[in-house]
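Enquirer: File follows, model21.txt with compact mmCIF, C-alpha atoms:
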# COMPACT_ATOMS: atom_id res chain seq x y z
CA MET A 118 57.83 73.87 47.02
CA MET A 119 58.57 70.26 46.28
CA GLU A 120 56.64 67.35 47.72
CA LEU A 121 57.94 66.09 51.05
CA TYR A 122 58.62 62.40 51.44
CA THR A 123 58.50 60.28 54.57
CA ASP A 124 61.66 58.31 53.80
CA LEU A 125 64.42 59.62 56.09
CA ASN A 126 67.15 59.64 53.45
CA THR A 127 64.89 61.34 50.94
CA LYS A 128 63.95 63.83 53.64
CA ARG A 129 67.60 64.79 53.89
CA LEU A 130 67.54 65.56 50.18
CA ILE A 131 64.38 67.67 50.46
CA LEU A 132 65.86 69.65 53.36
CA LEU A 133 68.69 70.76 51.13
CA ILE A 134 66.50 71.37 48.09
CA ILE A 135 63.96 73.57 49.86
CA ALA A 136 66.72 75.69 51.30
CA PHE A 137 67.66 76.88 47.80
CA GLY A 138 64.73 79.31 47.77
CA ILE A 139 65.36 81.05 51.06
CA ARG A 140 67.59 84.05 50.28
CA ASP A 141 66.12 85.03 46.94
CA ARG A 142 62.51 84.69 45.87
CA HIS A 143 63.49 83.93 42.26
CA PRO A 144 66.80 82.07 42.20
CA PRO A 145 67.67 79.67 39.40
CA ARG A 146 66.43 76.23 40.42
CA PRO A 147 68.49 73.08 39.95
CA SER A 148 67.40 70.92 37.06
CA THR A 149 65.55 67.63 37.58
CA SER A 150 68.62 65.66 36.57
CA SER A 151 70.74 67.64 39.05
CA LEU A 152 68.26 66.91 41.81
CA SER A 153 68.45 63.22 41.01
CA LYS A 154 72.23 63.36 41.28
CA LEU A 155 71.96 65.15 44.59
CA LYS A 156 69.59 62.50 45.88
CA LEU A 157 71.98 59.72 44.91
CA SER A 158 74.82 61.62 46.56
CA LEU A 159 72.94 62.03 49.83
CA LEU A 160 71.80 58.43 49.84
CA SER A 161 75.43 57.33 49.65
CA THR A 162 76.71 59.86 52.19
CA ARG A 163 75.23 60.74 55.59
CA VAL A 164 75.22 64.56 55.79
CA LYS A 165 75.26 65.97 59.32
CA ARG A 166 74.57 69.65 58.66
CA ALA A 167 74.10 71.91 55.70
CA SER A 168 73.68 75.59 54.95
CA CYS A 169 72.54 77.33 51.79
CA ARG A 170 73.19 80.75 50.27
CA SER A 171 72.91 82.67 47.01
CA SER A 172 75.95 84.14 45.27
CA THR A 173 75.47 86.27 42.13
CA GLY A 174 72.18 84.57 41.40
CA THR A 175 73.55 81.03 41.74
CA TRP A 176 72.49 78.93 44.68
CA ARG A 177 75.02 76.83 46.52
CA CYS A 178 74.24 74.30 49.19
CA THR A 179 77.21 73.67 51.46
CA ALA A 180 77.88 70.58 53.55
CA PRO A 181 80.66 71.27 56.08
CA CYS A 182 81.29 67.60 56.85
CA THR A 183 80.16 64.13 55.85
CA THR A 184 80.62 60.72 57.41
CA ARG A 185 80.20 57.04 56.58
CA PRO A 186 80.54 57.08 52.79
CA ARG A 187 78.75 54.12 51.22
CA GLY A 188 80.16 54.64 47.77
CA PRO A 189 81.72 57.29 45.55
CA PRO A 190 79.54 60.38 46.05
CA GLU A 191 78.26 62.00 42.86
CA VAL A 192 77.87 65.64 43.85
CA PRO A 193 76.20 67.99 41.34
CA ALA A 194 77.93 71.23 40.38
CA PHE A 195 75.58 73.43 42.39
CA VAL A 196 76.59 71.71 45.66
CA LYS A 197 79.91 72.72 47.16
CA ASN A 198 81.44 70.60 49.86
CA HIS A 199 83.77 72.83 51.86
CA GLY A 200 85.24 69.94 53.82
CA LEU A 201 86.89 70.69 57.16
CA LEU A 202 87.30 74.45 57.54
CA PRO A 203 89.44 76.56 59.88
CA GLN A 204 87.36 78.35 62.49
CA HIS A 205 87.56 81.80 60.86
CA GLU A 206 86.51 80.44 57.44
CA LEU A 207 83.58 78.60 59.00
CA GLN A 208 82.46 81.82 60.69
CA GLN A 209 82.65 83.66 57.36
CA LEU A 210 80.59 80.93 55.69
CA LEU A 211 77.95 81.08 58.41
CA ARG A 212 77.66 84.86 58.02
CA LYS A 213 76.75 84.34 54.36
CA ALA A 214 74.21 81.60 55.11
CA LYS A 215 70.52 81.96 55.93
CA LEU A 216 69.62 78.51 57.25
CA PHE A 217 71.53 76.05 59.39
CA ILE A 218 70.01 72.56 59.35
CA GLY A 219 70.50 69.91 62.02
CA PHE A 220 69.92 66.25 61.20
CA GLY A 221 69.62 64.97 64.76
CA PHE A 222 73.25 64.41 65.75
CA PRO A 223 75.49 65.35 67.50
CA TYR A 224 73.43 66.36 70.51
CA GLU A 225 73.86 69.79 72.08
CA GLY A 226 76.95 70.76 70.08
CA PRO A 227 78.32 74.30 69.82
CA ALA A 228 77.82 74.64 66.05
CA PRO A 229 74.10 75.66 66.21
CA LEU A 230 74.97 78.41 68.70
CA GLU A 231 77.74 79.65 66.40
CA ALA A 232 75.32 79.64 63.46
CA ILE A 233 72.70 81.62 65.40
CA ALA A 234 75.37 84.07 66.55
CA ASN A 235 76.26 84.65 62.89
CA GLY A 236 72.67 85.34 61.80
CA CYS A 237 71.44 81.90 60.70
CA ILE A 238 68.11 80.35 61.57
CA PHE A 239 68.61 76.92 63.11
CA LEU A 240 66.17 74.24 61.95
CA GLN A 241 66.32 71.08 64.06
CA PRO A 242 64.34 67.85 64.48
CA LYS A 243 61.92 67.25 67.33
CA PHE A 244 62.24 63.80 68.89
CA GLN A 245 58.96 62.05 69.64
CA PRO A 246 59.40 60.23 71.97
CA PRO A 247 62.50 61.94 73.42
CA HIS A 248 65.78 60.09 72.90
CA SER A 249 66.95 58.34 76.06
CA SER A 250 68.74 55.24 77.28
CA LEU A 251 65.46 53.36 76.86
CA ASN A 252 65.11 53.87 73.11
CA HIS A 253 68.37 55.13 71.61
CA GLU A 254 71.71 53.44 71.14
CA PHE A 255 73.77 56.57 71.89
CA PHE A 256 72.41 56.79 75.45
CA ARG A 257 72.17 53.05 76.07
CA GLY A 258 74.20 51.99 79.08
CA LYS A 259 74.78 55.55 80.27
CA PRO A 260 73.77 56.20 83.91
CA THR A 261 71.03 58.71 83.14
CA SER A 262 67.28 58.65 82.62
CA ARG A 263 67.27 62.02 80.88
CA GLY A 264 65.25 62.32 77.69
CA VAL A 265 66.41 64.66 74.90
CA SER A 266 63.43 66.28 73.18
CA SER A 267 65.43 67.70 70.24
CA GLN A 268 68.94 67.84 68.85
CA HIS A 269 69.69 70.96 70.91
CA PRO A 270 67.26 71.31 73.87
CA TYR A 271 68.88 74.52 75.13
CA ALA A 272 68.30 76.22 71.77
CA GLU A 273 64.74 74.93 71.70
CA GLN A 274 63.80 76.01 75.23
CA TYR A 275 65.83 79.14 75.93
CA ILE A 276 66.34 80.71 72.49
CA GLY A 277 63.35 79.58 70.44
CA ARG A 278 61.71 81.42 67.57
CA PRO A 279 62.56 83.19 65.37
CA HIS A 280 66.18 82.01 65.70
CA VAL A 281 65.35 78.33 66.31
CA MET A 282 62.70 76.20 64.64
CA THR A 283 62.07 72.77 66.17
CA VAL A 284 59.80 70.58 64.06
CA ASP A 285 58.92 66.95 63.48
CA TYR A 286 60.78 66.05 60.28
CA ASN A 287 58.33 63.18 59.69
CA ASN A 288 55.37 65.57 59.66
CA SER A 289 55.28 67.00 56.14
CA GLN A 290 52.77 69.73 56.93
CA GLU A 291 54.66 70.93 60.01
CA PHE A 292 57.93 70.89 58.11
CA ASP A 293 56.46 72.76 55.14
CA THR A 294 54.99 75.42 57.44
CA ALA A 295 58.36 75.92 59.13
CA ILE A 296 60.17 76.34 55.81
CA ARG A 297 57.63 78.91 54.62
CA GLU A 298 57.99 80.80 57.89
CA ILE A 299 61.78 80.80 57.54
CA MET A 300 61.48 82.18 54.02
CA ARG A 301 59.48 85.13 55.36
CA THR A 302 61.64 85.73 58.44
CA LYS A 303 64.59 88.07 58.80
CA VAL A 304 66.74 87.68 61.87
CA GLU A 305 69.73 89.47 63.31
CA PRO A 306 72.72 87.65 64.80
CA TYR A 307 71.89 86.59 68.34
CA LEU A 308 74.13 85.39 71.18
CA PRO A 309 72.55 84.58 74.56
CA TYR A 310 74.01 86.71 77.33
CA GLU A 311 75.27 83.67 79.25
CA TYR A 312 77.50 82.77 76.29
CA THR A 313 79.17 86.17 76.19
CA CYS A 314 82.40 86.86 78.08
CA GLU A 315 80.53 89.20 80.42
CA GLY A 316 77.85 86.61 81.09
CA MET A 317 80.44 83.93 81.86
CA LEU A 318 82.31 86.22 84.27
CA GLU A 319 79.05 87.21 85.97
CA ARG A 320 78.23 83.54 86.50
CA VAL A 321 81.66 82.65 87.88
CA HIS A 322 81.53 85.70 90.17
CA ALA A 323 78.17 84.58 91.56
CA TYR A 324 79.44 81.04 92.17
CA ILE A 325 82.54 82.21 94.02
CA GLN A 326 81.03 85.02 96.05
CA ASN A 327 77.99 83.10 97.27
CA GLN A 328 79.51 79.75 98.19
CA ASP A 329 82.02 78.79 100.89
CA PHE A 330 83.98 75.84 99.54
CA CYS A 331 85.90 75.45 102.84
CA VAL A 332 82.82 74.62 104.93
CA PRO A 333 81.51 71.05 104.59
CA GLU A 334 77.88 70.59 103.64
CA PRO A 335 75.61 69.71 106.56
CA PRO A 336 74.90 65.97 106.88
CA PHE A 337 71.86 64.79 104.98
CA PRO A 338 68.93 64.12 107.36
CA LEU A 339 67.61 60.61 106.91
CA GLY A 340 63.87 60.18 106.60
CA ASN A 341 61.73 63.16 107.50
CA LEU A 342 63.44 66.55 107.33
CA SER A 343 61.02 68.28 109.66
CA LYS A 344 62.57 67.22 112.97
CA PRO A 345 66.10 68.62 112.37
CA LEU A 346 64.67 71.91 111.15
CA ALA A 347 61.91 72.32 113.72
CA SER A 348 64.07 73.85 116.43
CA SER A 349 65.24 76.68 114.16
CA MET A 350 61.87 77.45 112.61
CA SER A 351 58.92 79.57 113.51
CA PRO A 352 55.63 77.69 113.97
CA GLY A 353 53.46 77.28 110.92
CA PRO A 354 53.66 75.61 107.51
CA LEU A 355 57.00 75.30 105.80
CA PHE A 356 55.53 75.84 102.31
CA VAL A 357 52.77 78.26 101.37
CA PRO A 358 50.84 78.91 98.13
CA LEU A 359 52.26 81.62 95.88
CA PRO A 360 50.04 84.16 94.08
CA ASN A 361 49.14 83.57 90.42
CA THR A 362 50.65 80.08 90.34
CA THR A 363 50.00 76.53 91.46
CA ALA A 364 53.49 76.30 92.98
CA LEU A 365 54.34 76.51 96.67
CA GLY A 366 57.11 78.69 98.04
CA TRP A 367 59.15 78.86 101.23
CA ALA A 368 57.14 80.52 103.99
CA ALA A 369 58.24 84.08 104.74
CA ASN A 370 57.97 83.57 108.52
CA VAL A 371 60.36 80.59 108.43
CA THR A 372 64.04 81.37 108.81
CA PRO A 373 65.70 80.11 105.61
CA PRO A 374 68.83 77.98 105.87
CA PRO A 375 72.06 79.74 104.77
CA VAL A 376 72.34 78.07 101.37
CA TRP A 377 72.86 79.10 97.78
CA PRO A 378 70.87 79.23 95.58
CA PRO A 379 68.62 80.79 98.25
CA VAL A 380 65.47 78.84 99.12
CA SER A 381 63.49 81.97 98.28
CA SER A 382 63.90 80.85 94.65
CA LEU A 383 62.31 77.45 95.41
CA ARG A 384 58.99 76.66 93.72
CA LEU A 385 57.51 73.33 94.83
CA LEU A 386 55.41 71.50 92.23
CA ALA A 387 54.03 67.97 91.88
CA SER A 388 54.55 66.19 88.57
CA GLN A 389 52.05 64.05 86.77
CA GLU A 390 52.49 60.28 86.62
CA GLY A 391 55.33 59.41 84.24
CA GLN A 392 56.56 62.99 84.10
CA SER A 393 60.07 64.09 85.10
CA CYS A 394 60.81 67.16 87.19
CA ILE A 395 62.57 68.66 84.16
CA GLU A 396 59.30 68.55 82.22
CA THR A 397 57.23 69.67 85.21
CA CYS A 398 59.36 72.74 85.85
CA GLN A 399 59.61 73.63 82.16
CA SER A 400 55.83 73.56 81.83
CA ALA A 401 55.74 76.28 84.52
CA ARG A 402 58.57 78.23 82.83
CA LEU A 403 60.97 77.26 85.60
CA VAL A 404 64.02 75.02 85.85
CA CYS A 405 64.64 72.05 88.12
CA GLU A 406 67.20 72.83 90.83
CA PRO A 407 68.84 69.67 92.25
CA ALA A 408 70.31 71.60 95.21
CA HIS A 409 66.76 72.22 96.50
CA PHE A 410 65.77 68.54 96.72
CA ARG A 411 66.96 68.28 100.32
CA PHE A 412 64.43 70.96 101.38
CA ILE A 413 61.37 69.21 99.90
CA ASN A 414 62.25 65.68 101.03
CA ASN A 415 59.89 65.88 104.02
CA LYS A 416 56.35 65.54 105.32
CA GLU A 417 55.83 69.30 105.19
CA ALA A 418 56.19 69.28 101.40
CA LEU A 419 53.66 66.46 101.08
CA ARG A 420 51.31 68.23 103.48
CA GLY A 421 51.62 71.49 101.59
CA LEU A 422 50.60 69.75 98.37
CA ASP A 423 47.58 68.18 100.15
CA VAL A 424 48.88 64.67 99.53
CA GLN A 425 47.03 61.95 101.44
CA CYS A 426 49.56 59.42 102.74
CA GLU A 427 48.34 56.23 104.39
CA ALA A 428 51.90 54.92 104.37
CA LEU A 429 55.20 56.83 104.47
CA ASP A 430 58.58 55.20 104.00
CA SER A 431 62.13 56.08 102.98
CA GLU A 432 63.95 54.34 100.11
CA SER A 433 66.87 54.74 97.73
CA ASN A 434 65.34 55.44 94.34
CA HIS A 435 66.05 58.11 91.73
CA VAL A 436 62.37 59.13 91.40
CA LEU A 437 61.98 60.02 95.08
CA PRO A 438 60.59 61.96 96.84
CA ALA A 439 57.27 60.99 95.27
CA PHE A 440 53.78 59.70 96.01
CA SER A 441 51.21 57.34 94.53
CA VAL A 442 47.68 58.71 94.33
CA ALA A 443 46.09 55.31 93.67
CA ARG A 444 47.75 53.54 96.60
CA ARG A 445 48.07 56.61 98.85
CA GLU A 446 51.71 55.74 99.45
CA CYS A 447 54.44 58.34 99.94
CA SER A 448 58.17 57.77 99.77
CA LEU A 449 61.09 60.01 100.72
CA GLN A 450 64.63 59.83 99.43
CA GLN A 451 67.16 57.97 101.57
CA ASP A 452 70.28 58.53 99.45
CA PRO A 453 71.03 62.18 98.48
CA LEU A 454 73.24 60.99 95.62
CA LEU A 455 70.11 59.70 93.88
CA PHE A 456 68.27 63.01 93.72
CA SER A 457 67.43 63.39 90.03
CA CYS A 458 65.56 65.95 87.98
CA ALA A 459 65.33 63.51 85.07
CA GLY A 460 63.82 60.48 86.81
CA HIS A 461 60.23 59.50 86.11
CA SER A 462 57.88 56.61 86.76
CA PRO A 463 54.33 55.82 85.59
CA ARG A 464 53.52 54.76 89.16
CA TYR A 465 54.47 58.00 90.92
CA ARG A 466 53.91 61.72 90.98
CA ARG A 467 57.17 63.40 91.91
CA LEU A 468 57.90 66.29 94.26
CA CYS A 469 59.84 68.75 92.11
CA PRO A 470 62.14 71.53 93.37
CA CYS A 471 61.75 74.11 90.65
CA ARG A 472 63.26 77.59 90.72
CA ASP A 473 63.06 80.80 88.74
CA PHE A 474 65.94 82.01 86.56
CA ARG A 475 67.34 85.16 85.06
CA ARG A 476 66.59 85.71 81.39
CA GLY A 477 69.77 85.03 79.44
CA GLN A 478 71.42 83.49 82.51
CA VAL A 479 69.57 80.22 83.20
CA ALA A 480 72.16 79.00 85.72
CA LEU A 481 71.29 81.84 88.13
CA CYS A 482 68.05 82.54 89.96
CA ARG A 483 66.58 86.03 90.02
CA GLU A 484 67.90 86.68 93.53
CA CYS A 485 71.26 85.00 92.96
CA LEU A 486 73.06 88.29 92.23
Please render this file's structure as C-alpha cells.
Expert:
Amino acid sequence: MMELYTDLNTKRLILLIIAFGIRDRHPPRPSTSSLSKLKLSLLSTRVKRASCRSSTGTWRCTAPCTTRPRGPPEVPAFVKNHGLLPQHELQQLLRKAKLFIGFGFPYEGPAPLEAIANGCIFLQPKFQPPHSSLNHEFFRGKPTSRGVSSQHPYAEQYIGRPHVMTVDYNNSQEFDTAIREIMRTKVEPYLPYEYTCEGMLERVHAYIQNQDFCVPEPPFPLGNLSKPLASSMSPGPLFVPLPNTTALGWAANVTPPPVWPPVSSLRLLASQEGQSCIETCQSARLVCEPAHFRFINNKEALRGLDVQCEALDSESNHVLPAFSVARRECSLQQDPLLFSCAGHSPRYRRLCPCRDFRRGQVALCRECL
C-alpha cells in the first residue's frame, strides 16, 4: 500500500494506483518510473472516473473519459484509455471491473448505478461540508438550499455497503481502511428494485391509481390549520406519540383527509437548529415528504411537540413552519410554494413531515400500495 498524499491531484493518482491490487493479491506492480509517468499524465488531465481489472496477470487501469487537457498526456503502457464507448461495450467493461471510482462530479449520474448493477464496488467522496449554493460554484445561483453530502447521495443512503463506500478522500486513514475493505470484499451485481422495469411500473401504477388529477387540490388554509379541520375531526389531539420513537403520528381517532400519500405515513419530528428536514428525517431512517407539510403547519403540531410559543405569526419563508427555543417564537408558513425539505436556519428548529418508505421503493410509503 503506497503512502497517501493530501494533494488533490496526487490523490487522483493514488486512487488509480491502489486499485491495481484489488482483483489479484499478487499482480505485477507498475515500476516506479511508470508511476511517475502516470502521475504526470493525471496532473495534466482531469480524470472523472476510472476502473481497474486484471487480465492474464497484467493490470490495466481504464479511464472511460477525460476532460480539460492541460498538455499532451503521457500515458504509461499499463493504462488503457478506452475513450467514448458504445453502451454495450461499456457494460462489458464494467462486468470485468472490480472498483468504480468517483472523483466528485458529475453529481447523481447514472454511471455509478450501472457499475453497481454490473458487480462493481462504487467508491465515492464524502463532502464535508455538503456542497450547496453557499459554497460551490456548480450550485451557485440555483434556487435551492439543498446540500449534497456525496457525489451520489442516493447510492450512499439507500444502497450503502458493501456496494457503495463513501469516504473522505482527504482523510488518509479512512481512505486506506476503505481500500483494504474493498480488497477483502466480494459482491454480486445489485440493482435496486425501484430501478427495475417492474419497480418502475409498480411506482407508476401507484401514482395513477391513488391520485385524481381531475379534482383540484383544496385551497391552502392561511395561518392556523386547526380551524378548517376542526369541524370534521373528533375531539382530542391531532398528533400523538408513536411507540419506540420520538416521532408523532396522526391520531387514530381523527378522520384523515382523503389524500395520497396517506397521512398515516406521516411522522412529525422537530429538527435541531441549523438542520434541514432532509437530515432530520434521514437520522430517523425516514424521508421528508413535502406533500405532508400542509398537515403540520398548525398550532396542533407545535402543541404536540410541547413547543412553548409566546408569539405566533405567519410568514413566507422556506424554513417554515419552525420555532425558536431561545425567543419562544413560532412561525407558520404563509406561502405553500415555499414548503421545503432542504431549508435550514441556525435560528430555528423546523417542523418536519417525515414518512416511512418501502425498502427498494423509496418513493412509496409502506401503505401506499
Enquirer: Compare A:Cys458, A:Ala401, A:Leu383, A:Cys469 by their minimum atom-to-atom distance to Cys482 in chain A, counting all atoms listed in the file, and give me the closest one.
Expert: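 So, comparing all the options, the nearest one is A:Leu383.
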Enquirer: Calculate how many Å separate CA of Pro374 in chain A from CA of Lys416 in chain A, rounding to one decimal.
Expert: 17.6 Å
Enquirer: Which residue gives the smallest distance to Leu240 in chain A among A:Asp285, A:Glu427, A:Glu254, A:Glu432, with all atoms listed in the file counted?
Expert: A:Asp285
Enquirer: In Å, rounded to a single decimal, give me how far CA of Glu231 in chain A is from CA of Cys405 in chain A.
Expert: 26.5 Å
Enquirer: Taking into account only C-alpha atoms, which residue in the set A:Leu230, A:Cys485, A:Leu210, A:Val284 is nearest to Pro379 in chain A?
Expert: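 Closest to Pro379 in chain A, using only C-alpha atoms: A:Cys485.
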Enquirer: Check which residues of range 308-398 of chain A sit at most 9 Å from range 433-447 of chain A using all atoms listed in the file, and return one row each with the closest pair of atoms and their distance in Å to one decimal, ordered by chain and rising number, as JSON lines.
Expert:
{"residue": "A:Ala387", "atom": "CA", "partner": "A:Ala439", "partner_atom": "CA", "distance": 8.4}
{"residue": "A:Ser388", "atom": "CA", "partner": "A:Ala439", "partner_atom": "CA", "distance": 8.9}
{"residue": "A:Glu390", "atom": "CA", "partner": "A:Ser441", "partner_atom": "CA", "distance": 8.5}
{"residue": "A:Ser393", "atom": "CA", "partner": "A:Val436", "partner_atom": "CA", "distance": 8.3}
Enquirer: As a compact mmCIF listing (two decimals) with C-alpha atoms, in the frame of the given file, please: the residues near range 221-227 of chain A (cut-off 10 Å, all atoms listed in the file, same-chain neighbours under 4 positions excluded).
Expert:
# COMPACT_ATOMS: atom_id res chain seq x y z
CA LYS A 165 75.26 65.97 59.32
CA ARG A 166 74.57 69.65 58.66
CA GLU A 231 77.74 79.65 66.40
CA ALA A 232 75.32 79.64 63.46
CA GLN A 241 66.32 71.08 64.06
CA PRO A 242 64.34 67.85 64.48
CA LYS A 243 61.92 67.25 67.33
CA PHE A 244 62.24 63.80 68.89
CA PHE A 255 73.77 56.57 71.89
CA VAL A 265 66.41 64.66 74.90
CA SER A 267 65.43 67.70 70.24
CA GLN A 268 68.94 67.84 68.85
CA HIS A 269 69.69 70.96 70.91
CA PRO A 270 67.26 71.31 73.87
CA TYR A 271 68.88 74.52 75.13
CA ALA A 272 68.30 76.22 71.77
CA TYR A 286 60.78 66.05 60.28
Enquirer: Kindly indicate which residue among A:Ala228, A:Leu308, A:Val281, A:Ile296 lies nearest to Leu207 in chain A, using only C-alpha atoms for the distances.
Expert: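 Smallest distance to Leu207 in chain A is found for A:Ala228.
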Enquirer: Pick the closest to Ser249 in chain A from A:Leu202, A:Ala459, A:Cys394, A:Ile218: which is it, counting all atoms listed in the file?
Expert: A:Ala459
Enquirer: Which one of A:Cys398, A:Ile299, A:Ala428, A:Ala418 sits closest to Asp473 in chain A if you count only C-alpha atoms?
Expert: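 Nearest to Asp473 in chain A: A:Cys398.
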